[in-house]
>>> print(open('model15.pdb').read())   # PDB, C-alpha atoms and all ligand atoms
MODEL        1
ATOM      1  CA  MET F   1    -111.186 112.313  90.793
ATOM      2  CA  THR F   2    -113.559 110.740  88.244
ATOM      3  CA  LEU F   3    -113.866 111.738  84.612
ATOM      4  CA  ALA F   4    -117.235 113.380  85.361
ATOM      5  CA  GLN F   5    -115.666 115.390  88.186
ATOM      6  CA  ALA F   6    -112.799 116.486  85.942
ATOM      7  CA  LEU F   7    -115.296 117.719  83.337
ATOM      8  CA  ALA F   8    -117.349 119.536  85.948
ATOM      9  CA  ALA F   9    -114.200 121.227  87.312
ATOM     10  CA  ALA F  10    -113.235 122.387  83.810
ATOM     11  CA  GLN F  11    -116.699 123.807  83.178
ATOM     12  CA  ALA F  12    -116.560 125.570  86.538
ATOM     13  CA  LEU F  13    -113.414 127.290  85.217
ATOM     14  CA  GLY F  14    -115.518 128.651  82.356
ATOM     15  CA  LEU F  15    -114.725 126.157  79.626
ATOM     16  CA  ALA F  16    -117.467 125.167  77.192
ATOM     17  CA  ARG F  17    -118.667 121.597  77.769
ATOM     18  CA  LEU F  18    -117.530 120.464  74.316
ATOM     19  CA  ASP F  19    -114.059 122.004  74.775
ATOM     20  CA  ALA F  20    -113.725 120.336  78.180
ATOM     21  CA  GLN F  21    -114.714 116.961  76.710
ATOM     22  CA  LEU F  22    -112.290 117.279  73.808
ATOM     23  CA  LEU F  23    -109.405 118.316  76.077
ATOM     24  CA  LEU F  24    -110.109 115.454  78.461
ATOM     25  CA  LEU F  25    -110.074 113.010  75.540
ATOM     26  CA  LEU F  26    -106.781 114.557  74.445
ATOM     27  CA  ALA F  27    -105.322 114.111  77.939
ATOM     28  CA  LEU F  28    -106.479 110.468  77.796
ATOM     29  CA  GLU F  29    -104.937 110.087  74.328
ATOM     30  CA  ARG F  30    -108.304 109.320  72.837
ATOM     31  CA  GLY F  31    -109.781 110.748  69.650
ATOM     32  CA  PRO F  32    -112.381 113.553  69.405
ATOM     33  CA  GLN F  33    -114.931 111.002  68.121
ATOM     34  CA  GLU F  34    -114.865 109.204  71.488
ATOM     35  CA  ARG F  35    -117.204 111.552  73.371
ATOM     36  CA  ALA F  36    -119.713 108.723  73.785
ATOM     37  CA  TRP F  37    -116.971 106.646  75.437
ATOM     38  CA  LEU F  38    -116.357 109.530  77.829
ATOM     39  CA  LEU F  39    -120.032 109.664  78.835
ATOM     40  CA  ALA F  40    -120.183 105.889  79.290
ATOM     41  CA  HIS F  41    -117.078 105.969  81.541
ATOM     42  CA  ASP F  42    -117.849 109.032  83.615
ATOM     43  CA  THR F  43    -117.327 107.186  86.904
ATOM     44  CA  ASP F  44    -113.852 105.930  85.862
ATOM     45  CA  PRO F  45    -111.027 107.429  87.915
ATOM     46  CA  LEU F  46    -108.715 109.920  86.161
ATOM     47  CA  PRO F  47    -105.139 108.758  86.855
ATOM     48  CA  PRO F  48    -102.974 111.520  88.422
ATOM     49  CA  GLU F  49    -100.618 111.845  85.429
ATOM     50  CA  ARG F  50    -103.617 112.243  83.110
ATOM     51  CA  GLN F  51    -105.107 114.781  85.469
ATOM     52  CA  GLN F  52    -101.882 116.785  85.342
ATOM     53  CA  ARG F  53    -101.885 116.666  81.543
ATOM     54  CA  PHE F  54    -105.574 117.739  81.525
ATOM     55  CA  GLU F  55    -104.824 120.701  83.807
ATOM     56  CA  GLN F  56    -101.989 121.835  81.523
ATOM     57  CA  LEU F  57    -104.305 121.703  78.513
ATOM     58  CA  LEU F  58    -107.024 123.610  80.398
ATOM     59  CA  GLN F  59    -104.567 126.349  81.247
ATOM     60  CA  ARG F  60    -103.416 126.722  77.654
ATOM     61  CA  ARG F  61    -107.019 126.798  76.410
ATOM     62  CA  ALA F  62    -107.946 129.374  79.060
ATOM     63  CA  GLY F  63    -104.970 131.426  77.795
ATOM     64  CA  GLY F  64    -106.644 131.605  74.401
ATOM     65  CA  GLU F  65    -104.833 128.895  72.439
ATOM     66  CA  PRO F  66    -107.156 127.458  69.799
ATOM     67  CA  LEU F  67    -108.262 123.916  70.498
ATOM     68  CA  ALA F  68    -106.886 123.013  67.068
ATOM     69  CA  TYR F  69    -103.343 123.922  68.170
ATOM     70  CA  LEU F  70    -103.682 121.899  71.384
ATOM     71  CA  SER F  71    -104.888 118.814  69.544
ATOM     72  CA  GLY F  72    -102.774 119.548  66.452
ATOM     73  CA  THR F  73    -105.691 118.750  64.164
ATOM     74  CA  LYS F  74    -108.699 120.445  62.611
ATOM     75  CA  GLU F  75    -111.333 119.028  60.366
ATOM     76  CA  PHE F  76    -112.056 121.216  57.346
ATOM     77  CA  PHE F  77    -114.550 120.209  54.663
ATOM     78  CA  GLY F  78    -114.302 116.642  55.988
ATOM     79  CA  LEU F  79    -110.497 116.577  55.741
ATOM     80  CA  PRO F  80    -108.417 115.957  58.879
ATOM     81  CA  LEU F  81    -105.756 118.687  58.661
ATOM     82  CA  ARG F  82    -102.712 118.956  60.906
ATOM     83  CA  VAL F  83    -102.382 122.509  62.157
ATOM     84  CA  ASP F  84    -100.200 124.458  64.574
ATOM     85  CA  ALA F  85     -99.310 128.054  65.434
ATOM     86  CA  ARG F  86     -97.548 128.536  62.055
ATOM     87  CA  VAL F  87    -100.949 128.764  60.313
ATOM     88  CA  LEU F  88    -104.400 130.253  60.847
ATOM     89  CA  ASP F  89    -106.799 127.837  62.544
ATOM     90  CA  PRO F  90    -109.143 126.963  59.634
ATOM     91  CA  ARG F  91    -112.689 128.273  60.265
ATOM     92  CA  PRO F  92    -115.914 126.528  59.250
ATOM     93  CA  ASP F  93    -116.997 129.884  57.687
ATOM     94  CA  THR F  94    -114.430 129.276  54.964
ATOM     95  CA  GLU F  95    -116.294 126.146  53.829
ATOM     96  CA  THR F  96    -118.770 128.589  52.219
ATOM     97  CA  LEU F  97    -115.959 129.700  49.918
ATOM     98  CA  VAL F  98    -115.105 126.081  49.031
ATOM     99  CA  GLU F  99    -118.762 125.302  48.236
ATOM    100  CA  TRP F 100    -119.009 128.324  45.952
ATOM    101  CA  ALA F 101    -115.748 127.367  44.217
ATOM    102  CA  LEU F 102    -116.990 123.797  43.665
ATOM    103  CA  GLU F 103    -120.247 125.082  42.119
ATOM    104  CA  LEU F 104    -118.327 127.242  39.660
ATOM    105  CA  LEU F 105    -115.906 124.406  38.885
ATOM    106  CA  ALA F 106    -118.655 121.795  38.353
ATOM    107  CA  PRO F 107    -118.852 122.312  34.562
ATOM    108  CA  LEU F 108    -115.045 122.660  34.188
ATOM    109  CA  PRO F 109    -113.240 119.281  34.255
ATOM    110  CA  GLY F 110    -109.488 119.578  34.780
ATOM    111  CA  ALA F 111    -109.714 123.320  35.478
ATOM    112  CA  SER F 112    -106.727 125.226  36.818
ATOM    113  CA  VAL F 113    -107.283 126.777  40.255
ATOM    114  CA  VAL F 114    -105.097 128.975  42.463
ATOM    115  CA  ASP F 115    -105.504 129.300  46.262
ATOM    116  CA  LEU F 116    -103.798 132.443  47.581
ATOM    117  CA  GLY F 117    -102.596 132.495  51.206
ATOM    118  CA  THR F 118    -103.184 128.791  51.596
ATOM    119  CA  GLY F 119    -102.036 128.561  55.245
ATOM    120  CA  SER F 120    -102.654 124.957  56.324
ATOM    121  CA  GLY F 121    -103.663 124.175  52.732
ATOM    122  CA  ALA F 122    -107.329 123.962  53.749
ATOM    123  CA  ILE F 123    -109.003 125.405  50.634
ATOM    124  CA  ALA F 124    -106.569 123.948  48.086
ATOM    125  CA  LEU F 125    -106.715 120.469  49.613
ATOM    126  CA  ALA F 126    -110.517 120.519  49.997
ATOM    127  CA  LEU F 127    -110.845 121.355  46.276
ATOM    128  CA  LYS F 128    -108.310 118.709  45.213
ATOM    129  CA  HIS F 129    -110.013 116.107  47.404
ATOM    130  CA  ALA F 130    -113.470 116.900  45.983
ATOM    131  CA  ARG F 131    -112.198 117.050  42.393
ATOM    132  CA  PRO F 132    -108.962 115.062  41.970
ATOM    133  CA  GLU F 133    -108.610 116.000  38.294
ATOM    134  CA  LEU F 134    -108.338 119.749  39.033
ATOM    135  CA  ARG F 135    -104.912 121.343  38.695
ATOM    136  CA  VAL F 136    -104.490 123.140  42.002
ATOM    137  CA  THR F 137    -101.758 125.631  42.885
ATOM    138  CA  ALA F 138    -101.432 126.917  46.449
ATOM    139  CA  VAL F 139     -99.479 130.070  47.306
ATOM    140  CA  ASP F 140     -98.296 131.482  50.601
ATOM    141  CA  ALA F 141     -95.786 134.191  51.531
ATOM    142  CA  SER F 142     -94.821 132.248  54.651
ATOM    143  CA  ALA F 143     -92.328 129.379  54.313
ATOM    144  CA  ASP F 144     -93.597 128.113  57.684
ATOM    145  CA  ALA F 145     -97.173 127.945  56.420
ATOM    146  CA  LEU F 146     -96.073 126.175  53.233
ATOM    147  CA  ALA F 147     -94.301 123.532  55.318
ATOM    148  CA  VAL F 148     -97.591 122.828  57.133
ATOM    149  CA  ALA F 149     -99.589 122.798  53.891
ATOM    150  CA  ARG F 150     -97.069 120.532  52.110
ATOM    151  CA  ALA F 151     -97.109 118.070  55.003
ATOM    152  CA  ASN F 152    -100.919 117.967  54.860
ATOM    153  CA  ALA F 153    -100.866 117.406  51.095
ATOM    154  CA  GLU F 154     -98.396 114.542  51.441
ATOM    155  CA  ARG F 155    -100.183 112.884  54.335
ATOM    156  CA  LEU F 156    -103.568 113.127  52.604
ATOM    157  CA  ASP F 157    -102.015 112.129  49.276
ATOM    158  CA  LEU F 158    -103.428 115.167  47.467
ATOM    159  CA  PRO F 159    -100.982 116.425  44.849
ATOM    160  CA  VAL F 160    -101.026 120.236  44.793
ATOM    161  CA  THR F 161     -98.344 122.599  43.460
ATOM    162  CA  PHE F 162     -96.973 124.893  46.183
ATOM    163  CA  LEU F 163     -95.385 128.280  45.475
ATOM    164  CA  GLN F 164     -93.901 130.808  47.873
ATOM    165  CA  GLY F 165     -94.497 134.513  47.337
ATOM    166  CA  SER F 166     -96.803 137.453  47.741
ATOM    167  CA  TRP F 167    -100.256 136.781  46.254
ATOM    168  CA  LEU F 168     -99.971 136.185  42.508
ATOM    169  CA  SER F 169     -96.316 137.176  42.152
ATOM    170  CA  PRO F 170     -95.027 133.563  41.941
ATOM    171  CA  VAL F 171     -97.926 132.415  39.703
ATOM    172  CA  ALA F 172     -97.535 132.007  35.929
ATOM    173  CA  GLY F 173    -100.270 131.968  33.330
ATOM    174  CA  ARG F 174    -104.026 132.350  33.472
ATOM    175  CA  HIS F 175    -106.458 130.215  35.423
ATOM    176  CA  GLN F 176    -110.185 129.467  35.626
ATOM    177  CA  LEU F 177    -110.479 130.280  39.312
ATOM    178  CA  ILE F 178    -108.561 132.234  41.925
ATOM    179  CA  VAL F 179    -109.765 131.750  45.488
ATOM    180  CA  SER F 180    -108.454 133.266  48.710
ATOM    181  CA  ASN F 181    -109.107 133.637  52.409
ATOM    182  CA  PRO F 182    -106.689 136.546  52.889
ATOM    183  CA  PRO F 183    -106.048 138.573  56.040
ATOM    184  CA  TYR F 184    -108.882 141.102  56.388
ATOM    185  CA  VAL F 185    -109.040 142.245  60.013
ATOM    186  CA  THR F 186    -108.238 145.927  60.642
ATOM    187  CA  ASP F 187    -104.877 146.553  62.347
ATOM    188  CA  ASP F 188    -106.584 148.112  65.377
ATOM    189  CA  ASP F 189    -109.443 145.589  65.723
ATOM    190  CA  PRO F 190    -109.814 144.778  69.448
ATOM    191  CA  HIS F 191    -110.839 141.259  68.319
ATOM    192  CA  LEU F 192    -107.148 140.594  67.465
ATOM    193  CA  ALA F 193    -106.291 140.282  71.174
ATOM    194  CA  ALA F 194    -108.382 137.111  71.335
ATOM    195  CA  LEU F 195    -106.526 135.758  68.286
ATOM    196  CA  ALA F 196    -103.033 136.450  69.647
ATOM    197  CA  HIS F 197    -101.941 132.814  69.288
ATOM    198  CA  GLU F 198    -102.523 132.842  65.531
ATOM    199  CA  PRO F 199    -100.107 134.411  63.007
ATOM    200  CA  LEU F 200    -100.871 138.160  62.793
ATOM    201  CA  GLN F 201     -99.668 138.031  59.189
ATOM    202  CA  ALA F 202    -102.671 135.802  58.388
ATOM    203  CA  LEU F 203    -105.191 138.102  60.093
ATOM    204  CA  ALA F 204    -104.433 141.830  59.940
ATOM    205  CA  SER F 205    -104.497 143.862  56.749
ATOM    206  CA  GLY F 206    -103.970 147.581  57.235
ATOM    207  CA  PRO F 207    -106.122 150.339  58.728
ATOM    208  CA  ASP F 208    -109.321 149.244  56.934
ATOM    209  CA  GLY F 209    -108.545 145.525  56.681
ATOM    210  CA  LEU F 210    -108.700 145.699  52.887
ATOM    211  CA  ARG F 211    -105.032 146.167  51.970
ATOM    212  CA  ASP F 212    -104.492 142.576  50.832
ATOM    213  CA  ILE F 213    -107.906 142.246  49.184
ATOM    214  CA  ARG F 214    -107.139 145.393  47.127
ATOM    215  CA  GLU F 215    -103.791 143.907  46.117
ATOM    216  CA  ILE F 216    -105.343 140.591  45.068
ATOM    217  CA  ILE F 217    -108.113 142.312  43.072
ATOM    218  CA  ALA F 218    -105.489 144.452  41.313
ATOM    219  CA  GLN F 219    -103.343 141.424  40.410
ATOM    220  CA  ALA F 220    -106.072 138.910  39.515
ATOM    221  CA  PRO F 221    -107.144 140.122  36.026
ATOM    222  CA  ALA F 222    -103.689 139.340  34.587
ATOM    223  CA  HIS F 223    -104.017 135.746  35.862
ATOM    224  CA  LEU F 224    -107.613 134.895  34.986
ATOM    225  CA  LEU F 225    -108.790 133.319  31.761
ATOM    226  CA  PRO F 226    -111.721 135.079  30.094
ATOM    227  CA  GLY F 227    -114.802 134.008  32.069
ATOM    228  CA  GLY F 228    -112.670 133.032  35.080
ATOM    229  CA  TRP F 229    -113.734 133.860  38.630
ATOM    230  CA  LEU F 230    -112.113 135.479  41.660
ATOM    231  CA  LEU F 231    -113.632 134.468  45.023
ATOM    232  CA  LEU F 232    -112.589 136.143  48.277
ATOM    233  CA  GLU F 233    -113.485 135.644  51.906
ATOM    234  CA  GLN F 234    -113.917 138.954  53.704
ATOM    235  CA  GLY F 235    -114.955 140.433  57.061
ATOM    236  CA  TRP F 236    -118.584 140.512  58.209
ATOM    237  CA  ASP F 237    -118.910 144.227  57.358
ATOM    238  CA  GLN F 238    -116.753 144.341  54.210
ATOM    239  CA  ALA F 239    -118.969 142.718  51.559
ATOM    240  CA  ALA F 240    -120.200 145.987  49.999
ATOM    241  CA  ALA F 241    -116.680 147.431  49.951
ATOM    242  CA  VAL F 242    -115.259 144.294  48.307
ATOM    243  CA  ARG F 243    -118.037 144.218  45.699
ATOM    244  CA  ALA F 244    -117.274 147.873  44.891
ATOM    245  CA  LEU F 245    -113.570 147.043  44.496
ATOM    246  CA  LEU F 246    -114.377 144.101  42.199
ATOM    247  CA  ALA F 247    -116.777 146.143  40.052
ATOM    248  CA  GLY F 248    -114.278 149.024  39.926
ATOM    249  CA  ALA F 249    -111.588 146.655  38.613
ATOM    250  CA  GLY F 250    -113.888 145.520  35.768
ATOM    251  CA  PHE F 251    -115.290 142.283  37.194
ATOM    252  CA  VAL F 252    -118.869 141.363  36.231
ATOM    253  CA  GLN F 253    -121.525 139.203  37.958
ATOM    254  CA  VAL F 254    -120.214 140.633  41.226
ATOM    255  CA  GLN F 255    -121.986 139.060  44.219
ATOM    256  CA  SER F 256    -121.625 137.924  47.832
ATOM    257  CA  ARG F 257    -122.420 134.671  49.629
ATOM    258  CA  MET F 258    -123.599 134.108  53.181
ATOM    259  CA  ASP F 259    -121.996 131.721  55.661
ATOM    260  CA  LEU F 260    -123.957 129.417  57.974
ATOM    261  CA  ALA F 261    -124.402 132.275  60.450
ATOM    262  CA  GLY F 262    -126.122 134.387  57.773
ATOM    263  CA  ILE F 263    -123.164 136.759  57.412
ATOM    264  CA  ALA F 264    -122.094 137.890  53.923
ATOM    265  CA  ARG F 265    -118.805 136.036  54.250
ATOM    266  CA  CYS F 266    -117.377 136.017  50.746
ATOM    267  CA  SER F 267    -117.589 138.031  47.557
ATOM    268  CA  GLY F 268    -116.584 137.301  44.017
ATOM    269  CA  GLY F 269    -116.766 138.298  40.410
ATOM    270  CA  GLN F 270    -116.164 137.011  36.934
ATOM    271  CA  TRP F 271    -113.503 138.353  34.618
ATOM    272  CA  PRO F 272    -115.387 139.268  31.449
ATOM    273  CA  GLY F 273    -114.837 137.402  28.252
ATOM    274  CA  LEU F 274    -116.304 134.187  27.028
ATOM    275  CA  GLY F 275    -118.903 134.138  29.822
TER     276      GLY F 275
HETATM  277  N1  LIG F 301    -112.413 134.959  60.281
HETATM  278  C1  LIG F 301    -111.248 135.251  61.054
HETATM  279  C2  LIG F 301    -111.650 135.995  62.326
HETATM  280  O1  LIG F 301    -112.099 137.109  62.252
HETATM  281  C3  LIG F 301    -110.238 136.040  60.273
HETATM  282  C4  LIG F 301    -109.657 135.231  59.179
HETATM  283  C5  LIG F 301    -108.922 136.071  58.194
HETATM  284  O2  LIG F 301    -108.473 137.195  58.462
HETATM  285  N2  LIG F 301    -108.814 135.566  57.026
HETATM  286  O3  LIG F 301    -111.547 135.430  63.370
ENDMDL
END
>>> encode(input="model15.pdb", output="structure tokens", more="lines below")
Ligand code: GLN
Amino acid sequence: MTLAQALAAAQALGLARLDAQLLLLLALERGPQERAWLLAHDTDPLPPERQQRFEQLLQRRAGGEPLAYLSGTKEFFGLPLRVDARVLDPRPDTETLVEWALELLAPLPGASVVDLGTGSGAIALALKHARPELRVTAVDASADALAVARANAERLDLPVTFLQGSWLSPVAGRHQLIVSNPPYVTDDDPHLAALAHEPLQALASGPDGLRDIREIIAQAPAHLLPGGWLLLEQGWDQAAAVRALLAGAGFVQVQSRMDLAGIARCSGGQWPGLG
């Protein structure tokens, strides 16, 4: 079997062309940036042991495992993160939240920032990488997730303070920015079946999906400096509800931001004060 035939067979099984290419590169122990190599070598034979490895990967992918868990890596905001089933697979949607945070932080050298529910460390590490002088704290309730995030911080040489606990409970003091991609899917969302390989704890948040967002909004004012901001990712249909919660808690300048797909993907507000 040639490489081209292996790719065609995978696509016949229903795999997207890009997924099939990336899994074949993985089976060949080549990097995801080598797709051009794959095209140039499409008449090369696929050795039997590689073919076996490719078939195993195809089966796992067909069973719903995120590509990121199969390859063990995911690029987020240009950073190569190591990820596995202990953490949510970082989504490109969340880069919208990072961009918003960086805009707010632009005039604030050395600002203190907290990332709640850091998972793989994606948001915290993206901020620290973009702005090395920021003081970044990353929190997660899961010791497993913190182990993944810590390993990413060490490997990427991005010093971040890690704390274990529920939302702001392990955090001391007041900060200029609190940012979070919390769980926000409703407990009975049929969409969860397709995400069964990811930690449920990182996805589901009560009957309306807002349990954790409510908790964070309730806790944030005691940990924000006057004029500080709280930015939250939320579900595609939750922006109005989250803005109402923020306004109800006393936040001002309450607004939402769209992701690349045009979905109101995150909402935030400023804690009143210096302005
Ligand atoms: N955006 C993810 C999804 O719906 C959910 C991530 C989250 O709950 N924070 O697939």
>>> residues_around(input="model15.pdb", residues="Leu108 in chain F", least_positions_apart="3", cutoff="9 Å", atoms="all atoms listed in the file", output="PDB file with C-alpha atoms, in the coordinates of the input")
ATOM      1  CA  LEU F 104    -118.327 127.242  39.660  1.00  0.00           C
ATOM      2  CA  LEU F 105    -115.906 124.406  38.885  1.00  0.00           C
ATOM      3  CA  ALA F 111    -109.714 123.320  35.478  1.00  0.00           C
ATOM      4  CA  LEU F 134    -108.338 119.749  39.033  1.00  0.00           C
ATOM      5  CA  GLN F 176    -110.185 129.467  35.626  1.00  0.00           C
TER       6      GLN F 176
END
>>> residues_near_ligand(input="model15.pdb", ligand="ligand LIG 301 (chain F)", cutoff="6 Å", atoms="only C-alpha atoms and all ligand atoms", output="PyMOL selection string")
chain F and resi 181-185+202-203
>>> resolve_selection(input="model15.pdb", expression="the PyMOL selection byres (((chain F and resi 242-246) around 8) and not hetatm)", output="list of chain:residue names")
F:Ile213, F:Arg214, F:Ile217, F:Gln234, F:Gln238, F:Ala239, F:Ala240, F:Ala241, F:Ala247, F:Gly248, F:Ala249, F:Gly250, F:Phe251, F:Val252, F:Val254, F:Gln255, F:Ser256, F:Ser267, F:Gly268, F:Gly269
>>> resolve_selection(input="model15.pdb", expression="the PyMOL selection byres (((chain F and resi 26) around 12) and not hetatm)", output="VMD selection string")
chain F and resid 19 to 25 27 to 35 38 50 to 51 53 to 58 67 to 73
>>> atom_distance(input="model15.pdb", atom1="CA of Ala143 in chain F", atom2="CA of Asp115 in chain F")
15.4 Å
>>> atom_distance(input="model15.pdb", atom1="CA of Val113 in chain F", atom2="CA of Ala138 in chain F")
8.5 Å
